[in-house]
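Here is the structure we will look at.
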Amino acid sequence: LKEDVPPTFKVEIENEKDDSLTVFSFSNSDKRLVNFTDMMLGKRVTNIRISPEGQYALIFFRNTFGEKGISTTELYNIKTKSSVLIDTDGAKRQLDWMPKSEKLFYISKNEKFVNLITIDPATMQESILAKNIPDQYIQVAPNERVLFYTKQEKGEESKSDLKLLKSPEDRQPGYTNRSFIYKYDIASGFSQQLTFGAHSTWLSDISPDSKQILVSFSDEVITERPFRKSTMLKLDLATMKADTLWINQSFVGGASFSPDGKKLLVSGSGEAFDGIGINIAEGQIANSYNGLSFIMDLSTKKVEAITKNFDPSIDAGVWNKKDNLIYFRATDMDYVNVYCYNPSNKTFTKLPLQEDVVRNFDLANNAEIGVYMGVGQSNSTRAYVYDVKTKQSALIADPYKDRLSKMELAKVQDWNFTNTEGIEIKGRFYLPPNFDASKKYPMIVYYYGGTTPTARTFEHPYPGHVFAAQGYVVYVVQPSGAIGFGQKFAAMHVNAWGKRTAEDIIEGTKLFVKEHPFVNEKKIGCIGASYGGFMTMYLQTQTDMFAAAVSHAGISSISSYWGEGYWGYTYSSGASANSYPWNNPDLYVKQSPLFSADKIKTPILLTHGTVDTNVPIGESIQMYTALKILGKPVEFIQVKDENHGVANYKRRVEWNNSIMAWFDKWLKDDNGWWKALFPDSK
């Protein structure tokens, strides 16, 4: 067509009068915008496990249809690159690989018996390995002759209407229950109780020769943080003699045997083992949520802090039998990566995996091959086979691909800045689809603001892609105090409660707006949940730069949260180390948004689950009450029957819509959606 020829066909579409809810969009592609339901609906990989010889993999899936969903498992043949459906909706309970033989096992339960069944993956033939076993979660010993399980015994519950608490923890259901370890001999069917007493005991690991186990238990020490001390025993199954590996240690987690059974890989945090792993600045206290790893020599009991100078925070580790190397899955800034540690030369090597956030990594016992699954900032879960020798990944499952291919996603870019303390603060931003740099866009700022960085995941309760699809620029900032950036960075979380974190968010937002003229500086919103919900409230006491704010399950008073929530005082043992309302009232009062509610001018939406056992709903109630008395613009949405997050499909969609309607009201000057949802609101 010539440029001067007028169009022969023209369409004009406009909303009906007073209709601001209907949104029309035009595109020359067949793709649609991503929405909140995309975060929940569809099929995803949930786990992956490799066989001992590396010939097969189990791939676990979950397909969600809304209120309902179905779980399935496929057996994947790595050599032939073919798969077969092996389980539907969890019918084969505890489906997994035997530790030595190239066979699967699962638990079969009928009206009379609980049987242990094995499957030969080559022929799919099933055999009964053990009949009438205990109906418990089992661990198969490496020699495949013995099963271990933990059985819970219910404690005495008060039959009176009056209950005298034994401990602050006694408010939680099942506090008086006790768990004990049992051994079950497959050949004889004989079951033997291995642990007894007043403590719950836990099986940490089984030795490679199946002759010893690691048994742990803990004691409450309510007068000293972290309010529990742990003990680890090595139990000889032949003699029943226990060797105490450590006793009454704080900040120490679990342990597992090395392939030769002579050492242990131990998890913990900076203050474990008298602080031998601490690497922080003078005057700092280690962030106990930053994970470290240690190696203990069983002959000498000497402990080495192998990750002292390693910045990523350890999430999980396994000492591989085939190559005698340790593989760590670790929070690495806003990624989750896998690193290989060589105990001989004490070096770390990052594996070149294909996902931003690796959720599971599993290696074969007797072959140089592994499998993993993960997610990226612009893709859902995918599964891979990994060749240890060539370091190459082969994609074997991408169940969300078709659904994702129909979506027009935001462009995501990294953006970092250096704060006034000279520290680099990482971040990223999302641009709306069909972005036009000549326009001015409203912006939403998201942060967690606590110990865990906002990972690069596609699915999220506060999804950057969905916010961007609604016409917002989205800025995600990783402020001071998050784990995964090194111990010094993480330690800035301790006893801060917003001091440096809020400054990072404010500085970053101002600088981002300055460097990106497509942002409307008068239409910026912010949102956070849990500690991030606290940050939302606290930020409004420090700045008026935000035009709207949303706090979900936020903390308004540090002192009431500390004493009331199930985990308030235990979380605070890390976040408020050695600080209590009686010895540091400035922290508990001056850093609590409730006590500065009169400074808040920003319209704020508070949301909270009615049965939240982590951050009690009273934290939002008291802030709502304060702001109402002060005549401030505030709304409060209680989400029925939801705990710390919003899990129910229907309620989550309604909750997400309410949040976006609030932002539209204040950042787009469009009250239509909010009034449609809450016609009685002002």
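How things are named: the first chain in the structure tokens is A, the next is B, and so on; residues count from 1 in each chain; ligands count from 1 in the order shown.
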### Task
Can you check which residues of region 154-227 of chain A DSSP gives as strand (DSSP E or B) on the backbone and send them as a ChimeraX atom specification?
/A:178-185,191-193,202-206,212-220
Counting only C-alpha atoms, give me one row per residue of region 446-498 of chain A with an atom at most 12 Å from an atom of region 401-410 of chain A, showing the shortest contact pair and its distance in Å to one decimal, sorted by chain then residue number, as CSV.
residue,atom,partner,partner_atom,distance
A:Phe458,CA,A:Leu409,CA,10.2
A:Glu459,CA,A:Leu404,CA,11.7
A:Pro463,CA,A:Ala410,CA,11.1
A:Gly464,CA,A:Ala410,CA,8.4
A:His465,CA,A:Ala410,CA,5.7
A:Val466,CA,A:Ala410,CA,8.5
A:Phe467,CA,A:Ala410,CA,9.4
A:Ala468,CA,A:Ala410,CA,6.3
A:Ala469,CA,A:Ala410,CA,7.0
A:Gln470,CA,A:Ala410,CA,10.4
A:Gly471,CA,A:Ala410,CA,10.0
A:Tyr472,CA,A:Ala410,CA,10.1
A:Val473,CA,A:Ala410,CA,9.4
A:Val474,CA,A:Ala410,CA,9.8
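Nearest to Gln487 (chain A) of all the residues A:Ala286, A:Val146, A:Ala305, A:Val34 is A:Ala286, based on only C-alpha atoms.
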Within 12 Å of Gly422 (chain A), counting only C-alpha atoms, which residues show up once you throw out same-chain ones fewer than 4 positions away? Write them as a compact mmCIF listing (two decimals) with N, CA, C and O atoms, in the first residue's frame, please.
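Below you can see around22.txt, which holds the result:
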# COMPACT_ATOMS: atom_id res chain seq x y z
N PHE A 417 22.78 -0.14 42.25
CA PHE A 417 23.31 1.17 42.62
C PHE A 417 24.18 1.03 43.86
O PHE A 417 24.13 0.03 44.57
N THR A 418 24.98 2.05 44.12
CA THR A 418 25.82 2.08 45.31
C THR A 418 25.21 3.04 46.32
O THR A 418 24.97 4.22 46.00
N SER A 480 19.95 -4.02 52.16
CA SER A 480 20.89 -4.53 53.15
C SER A 480 20.22 -5.50 54.12
O SER A 480 19.07 -5.31 54.51
N ASP A 504 18.10 2.13 52.01
CA ASP A 504 18.42 1.53 50.71
C ASP A 504 17.24 1.61 49.75
O ASP A 504 17.40 1.92 48.56
### Task
Within region 466-655 of chain A, find each residue whose DSSP state, derived from the backbone, is alpha helix (DSSP H), and express the selection as a ChimeraX atom specification.
/A:466-469,487-491,499-515,531-542,558-564,568-575,585,618-629,649-655
### Within 7 Å of region 267-269 of chain A using only C-alpha atoms, minus same-chain residues under 3 positions, as number ranges by chain
A: 251-255, 272, 288-294
Determine, for each residue of region 184-286 of chain A having at least one atom at most 12 Å from an atom of region 93-115 of chain A, the closest pair of atoms and their separation in Å to one decimal, counting only C-alpha atoms; order by chain and ascending number, as JSON lines.
{"residue": "A:Ile186", "atom": "CA", "partner": "A:Asn115", "partner_atom": "CA", "distance": 11.0}
{"residue": "A:Gly189", "atom": "CA", "partner": "A:Asn115", "partner_atom": "CA", "distance": 11.4}
{"residue": "A:Ile206", "atom": "CA", "partner": "A:Pro99", "partner_atom": "CA", "distance": 11.3}
{"residue": "A:Pro208", "atom": "CA", "partner": "A:Pro99", "partner_atom": "CA", "distance": 10.1}
{"residue": "A:Asp209", "atom": "CA", "partner": "A:Lys100", "partner_atom": "CA", "distance": 11.5}
{"residue": "A:Ser210", "atom": "CA", "partner": "A:Pro99", "partner_atom": "CA", "distance": 11.2}
### Task
Write out as a PyMOL selection string which residues come within 12 Å of Ser579 (chain A) when counting only C-alpha atoms, dropping same-chain ones fewer than 2 positions away.
chain A and resi 224-225+285+494-497+558-559+562+569+572-577+581-588
### Task
May I have the residues within 7 Å of Gln55 (chain A) as number ranges by chain, using only C-alpha atoms and disregarding those fewer than 6 positions away in the same chain?
A: 77-79
### Message
One decimal, in Å: what's the spacing between CA of Lys682 (chain A) and CA of Met535 (chain A)?
### Response
26.1 Å
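The spacing separating CA of Cys340 (chain A) from CA of Pro453 (chain A) amounts to 22.3 Å.
The space separating CA of Tyr384 (chain A) from CA of Ile396 (chain A) comes to 5.2 Å.
Minimum distance to Pro259 (chain A) across A:Ile483, A:Ile48, A:Leu129, A:Val318 (counting only C-alpha atoms) occurs at A:Val318.
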Ala676 (chain A) environment, 10 Å, only C-alpha atoms, sequence neighbours closer than 4 positions dropped, as a PDB file with N, CA and C atoms, in the first residue's frame:
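And here is the file that came out, selection.pdb:
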ATOM      1  N   LEU A  21     -13.470  -0.179  34.176  1.00  0.00           N
ATOM      2  CA  LEU A  21     -12.976  -1.523  34.471  1.00  0.00           C
ATOM      3  C   LEU A  21     -12.548  -2.271  33.213  1.00  0.00           C
ATOM      4  N   ALA A 661      -6.402  -3.265  42.517  1.00  0.00           N
ATOM      5  CA  ALA A 661      -7.434  -2.227  42.505  1.00  0.00           C
ATOM      6  C   ALA A 661      -7.016  -1.046  43.383  1.00  0.00           C
ATOM      7  N   ASN A 671     -10.692   4.789  40.287  1.00  0.00           N
ATOM      8  CA  ASN A 671     -11.338   4.191  41.462  1.00  0.00           C
ATOM      9  C   ASN A 671     -12.347   3.112  41.088  1.00  0.00           C
ATOM     10  N   GLY A 672     -12.521   2.856  39.794  1.00  0.00           N
ATOM     11  CA  GLY A 672     -13.589   1.961  39.356  1.00  0.00           C
ATOM     12  C   GLY A 672     -13.456   0.537  39.849  1.00  0.00           C
ATOM     13  N   ASP A 680     -19.003  -0.306  49.288  1.00  0.00           N
ATOM     14  CA  ASP A 680     -19.320   0.463  50.493  1.00  0.00           C
ATOM     15  C   ASP A 680     -18.148   1.297  50.993  1.00  0.00           C
ATOM     16  N   SER A 681     -16.986   1.143  50.351  1.00  0.00           N
ATOM     17  CA  SER A 681     -15.822   1.909  50.797  1.00  0.00           C
ATOM     18  C   SER A 681     -15.954   3.359  50.357  1.00  0.00           C
TER      19      SER A 681
END
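Considering only C-alpha atoms, the residue among A:Leu214, A:Met443, A:Ala57, A:Leu298 positioned nearest to Lys81 (chain A) is A:Ala57.
Using only C-alpha atoms, the smallest distance between any of A:Val519, A:Ile505, A:Leu162, A:Ala383 and Ala437 (chain A) comes from A:Val519.
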